[in-house]
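Below is one structure, written out as structure tokens, with a few remarks after it.
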Amino acid sequence: MPKVGFVSLGCPKNLVDSEVMMGILARGGYEITARADEADVLVVNTCSFIAPAQQESVQSILEMAEHKKFGRARKLVVAGCMVERFRAQILEQIPEVDAVVGTGEVERILEACEGELRSLPAEVPTFLYHDLTPRILATPRHTAYIKINEGCDHPCTFCVIPQLRGKFRSRRFESVVRETENLAELGVREISLIGQDTTFYGEDLGIRDGLPLLLERLAAIDGLHWVRFLYCYPNRITPRLLETIAAHPRLAKYMDIPLQHASKNMLARMKRGSHGGAFLKMVERIRRTVPGVSVRTSFIVGFPGETKQDFKTLCDFVRDAEFDWMGVFSYSDEDTSESYHLDGKVDTETIAERRDTLMAIQQKITRRRLRGLAGTRVQAMLEGPSKDTDLIWEGRMEGMAPEIDGKINITEIAGVNEVDELPPPGTMATVEITGAQDYDLLGRVIEFKREALTRVPGLEAIRNNLVSISPALGR
């Protein structure tokens with residue numbers, strides 16, 4: 001049985017593509033290995049959203065090429081977004097690469113690994129997986145991502161996603177429901193719905209209020225603790241959507257809304273529209289309708305034409321909105337984006353300074369909000385042994401999305417004296433918050449519910465079977 005190793009880079013949407021490719025290869029007779037030096041075939045699933053992602057992708061390709069030149073690997077396949085942008089250059093400049101697989105060619109990964117998939121014309125991607133598509137989860141076994149749509153039709157001037165992923169297209173409603181039911185039966189306890197714009201889900205299929213309707217169906221699936229969705233477009237957060245979230249306990253009280261900026265001038269140049277005042281009213285409406293909700297956003301600093309006043313407007317907005325979580329991206333000048341041709345470019349030193357300034361503002365807000373939880377008891381999902389500290393365990397509250405937000409560092413689990421008594425990852429627990437750090441909490445487990453989690457050999461989550469996984473770099 002030949003062995004294949006994966007390097008998956010970029011956002012969760014790219015990770016799902018890697019999981020699908022692993023599933024197709026496993027069905028085709030390949031064994032997935034976590035060791036690059038054991039692999040007969042190496043696959044690098046690349047990200048090309050911004051310059052740092054491209055640099056990381058190139059470095060990973062070159063590192064895996066070393067295993068082909070000096071190790072066991074006999075084939076190197078490059079997949080993902082970089083192929084859509086630089087197909088010819090990859091094949092010409094990195095001779096160790098045997099095949100390339102674009103975002104619209106995921107189903108051809110077996111052909112790429114067994115033959116030479118090199119010269120296909122770069123077409124507009126149309127691939128969209130479904131509930132019968134083979135897939136091997138690369139997340140911890142109790143949590144999973146489900147991609148509910150692909151591509152994007154928004155005209156944002158900074159974004160190249162439509163070029164890399166194609167036009168917006170939604171998965172069939174029942175296909176998403178069946179996949180969620182299947183994952184719940186396998187022991188997955190948390191589902192995160194993803195797509196370039198999840199709030200647009202179903203409109204291309206003629207489904208009105210598609211996301212609220214889908215959430216209502218998923219909220220009724222037994223075995224799930226939390227269902228959340230990421231990447232909302234601000235002007236599509238409807239009263240129906242908010243009321244649906246508020247009405248169902250299994251729907252995580254959490255919203256991720258990339259706003260990109262607060263200055264009317266900047267938003268106009270980005271072709272996003274709106275302004276900070278309207279966004280403040282939106283955030284107030286969300287918090288009023290969904291009590292206890294956590295709100296995350298992200299911004300771009302250094303966009304062409306951003307003045308000192310524009311940046312001050314953004315800083316003032318962040319102070320007023322008091323988001324629970326926030327990410328900041330330094331503007332990346334991509335030569336295929338519309339913003340590449342805009343005037344008023346901001347120098348890299350100023351961009352870095354503005355990013356640090358904005359994150360410092362948010363850090364104070366997050367620290368204050370977390371410290372306010374000291375002494376309270378919260379429901380949390382236990383994640384497993386800590387990866388970053390000497391503390392024994394990690395957990396997350398409902399308002400903490402996997403990988404991107406903070407966590408709870410557990411210092412004690414009441415009633416547990418032996419290692420074999422520790423609760424398995426995915427267990428729900430009552431945690432008393434004892435302190436806070438910059439972005440994380442400290443706590444002790446007061447009680448937890450023991451339950452038998454389903455184990456299905458060969459199908460449960462196998463994160464260690466990826467050579468590596470990069471943190472999200474997408475918007």
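Here's how to read the names in the structure tokens: chain A, B, ... by the order shown, residue numbers from 1 in each chain, ligand numbers from 1 in the order shown.
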Report as a list in words all protein, DNA and RNA residues lying within 9 Å of Trp325 (chain A), evaluated on only C-alpha atoms, omitting residues in the same chain fewer than 4 positions from it. Asp256, Ser294, Val295, Arg296, Thr297, Ser298, Gln362, Gln363, Thr366, Met400, Ile404, Asp405, Gly406 and Tyr439 of chain A
Write out as a VMD selection string the residues lying within 8 Å of Glu96 (chain A), counting only C-alpha atoms and excluding same-chain residues fewer than 3 positions away. chain A and resid 65 68 to 69 75 to 76
Given the selection you just returned, output its residues as a file containing N, CA and C atoms, formatted as a PDB file, in the first residue's frame.
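In the end it all went to selection_30.pdb:
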```pdb
ATOM      1  N   ALA A  65      10.130  19.023  -1.639  1.00  0.00           N
ATOM      2  CA  ALA A  65      10.945  18.629  -2.784  1.00  0.00           C
ATOM      3  C   ALA A  65      12.256  17.968  -2.344  1.00  0.00           C
ATOM      4  N   LYS A  68      11.894  14.342  -2.056  1.00  0.00           N
ATOM      5  CA  LYS A  68      11.902  13.642  -3.342  1.00  0.00           C
ATOM      6  C   LYS A  68      13.325  13.501  -3.881  1.00  0.00           C
ATOM      7  N   LYS A  69      14.137  14.530  -3.674  1.00  0.00           N
ATOM      8  CA  LYS A  69      15.508  14.476  -4.184  1.00  0.00           C
ATOM      9  C   LYS A  69      16.397  13.528  -3.378  1.00  0.00           C
ATOM     10  N   LYS A  75       7.078  11.088  -5.794  1.00  0.00           N
ATOM     11  CA  LYS A  75       6.184  12.006  -6.494  1.00  0.00           C
ATOM     12  C   LYS A  75       5.811  13.162  -5.571  1.00  0.00           C
ATOM     13  N   LEU A  76       5.744  14.367  -6.158  1.00  0.00           N
ATOM     14  CA  LEU A  76       5.356  15.570  -5.427  1.00  0.00           C
ATOM     15  C   LEU A  76       4.214  16.240  -6.192  1.00  0.00           C
TER      16      LEU A  76
END
```
From a DSSP calculation on the backbone, collect every residue of region 330-460 of chain A in alpha helix (DSSP H) and output the set as a CSV table (one decimal) with N, CA and C atoms, in the first residue's frame.
```
chain,number,residue,atom,x,y,z
A,348,THR,N,5.2,50.0,4.1
A,348,THR,CA,5.2,48.8,4.9
A,348,THR,C,5.4,49.1,6.4
A,349,GLU,N,6.3,50.1,6.7
A,349,GLU,CA,6.5,50.5,8.1
A,349,GLU,C,5.3,51.1,8.7
A,350,THR,N,4.6,51.9,8.0
A,350,THR,CA,3.3,52.5,8.6
A,350,THR,C,2.3,51.4,8.7
A,351,ILE,N,2.2,50.5,7.8
A,351,ILE,CA,1.2,49.4,7.9
A,351,ILE,C,1.4,48.6,9.1
A,352,ALA,N,2.7,48.2,9.4
A,352,ALA,CA,3.0,47.4,10.5
A,352,ALA,C,2.7,48.2,11.8
A,353,GLU,N,3.0,49.5,11.8
A,353,GLU,CA,2.8,50.3,13.0
A,353,GLU,C,1.3,50.4,13.3
A,354,ARG,N,0.5,50.5,12.3
A,354,ARG,CA,-1.0,50.6,12.4
A,354,ARG,C,-1.6,49.3,12.9
A,355,ARG,N,-1.0,48.2,12.4
A,355,ARG,CA,-1.5,46.9,12.8
A,355,ARG,C,-1.2,46.7,14.3
A,356,ASP,N,0.0,47.0,14.7
A,356,ASP,CA,0.3,46.9,16.2
A,356,ASP,C,-0.5,47.8,17.0
A,357,THR,N,-0.8,49.0,16.6
A,357,THR,CA,-1.6,49.9,17.4
A,357,THR,C,-3.0,49.4,17.5
A,358,LEU,N,-3.6,48.9,16.4
A,358,LEU,CA,-5.0,48.4,16.5
A,358,LEU,C,-5.1,47.2,17.4
A,359,MET,N,-4.1,46.3,17.3
A,359,MET,CA,-4.2,45.1,18.1
A,359,MET,C,-4.0,45.4,19.6
A,360,ALA,N,-3.2,46.4,19.9
A,360,ALA,CA,-3.0,46.8,21.3
A,360,ALA,C,-4.3,47.4,21.9
A,361,ILE,N,-5.1,48.1,21.1
A,361,ILE,CA,-6.4,48.6,21.5
A,361,ILE,C,-7.3,47.4,21.9
A,362,GLN,N,-7.3,46.4,20.9
A,362,GLN,CA,-8.2,45.2,21.1
A,362,GLN,C,-7.7,44.4,22.3
A,363,GLN,N,-6.4,44.3,22.5
A,363,GLN,CA,-5.9,43.5,23.6
A,363,GLN,C,-6.4,44.0,24.9
A,364,LYS,N,-6.4,45.3,25.1
A,364,LYS,CA,-6.9,45.8,26.3
A,364,LYS,C,-8.4,45.5,26.5
A,365,ILE,N,-9.2,45.6,25.4
A,365,ILE,CA,-10.6,45.3,25.5
A,365,ILE,C,-10.8,43.8,25.9
A,366,THR,N,-10.1,42.9,25.2
A,366,THR,CA,-10.3,41.5,25.4
A,366,THR,C,-9.9,41.1,26.8
A,367,ARG,N,-8.7,41.7,27.3
A,367,ARG,CA,-8.3,41.4,28.6
A,367,ARG,C,-9.3,41.8,29.7
A,368,ARG,N,-9.9,43.0,29.5
A,368,ARG,CA,-10.9,43.5,30.4
A,368,ARG,C,-12.1,42.6,30.4
A,369,ARG,N,-12.6,42.2,29.3
A,369,ARG,CA,-13.8,41.4,29.2
A,369,ARG,C,-13.5,40.0,29.8
A,370,LEU,N,-12.4,39.5,29.6
A,370,LEU,CA,-12.1,38.1,30.1
A,370,LEU,C,-11.9,38.2,31.7
A,371,ARG,N,-11.3,39.3,32.1
A,371,ARG,CA,-11.1,39.4,33.6
A,371,ARG,C,-12.5,39.5,34.3
```
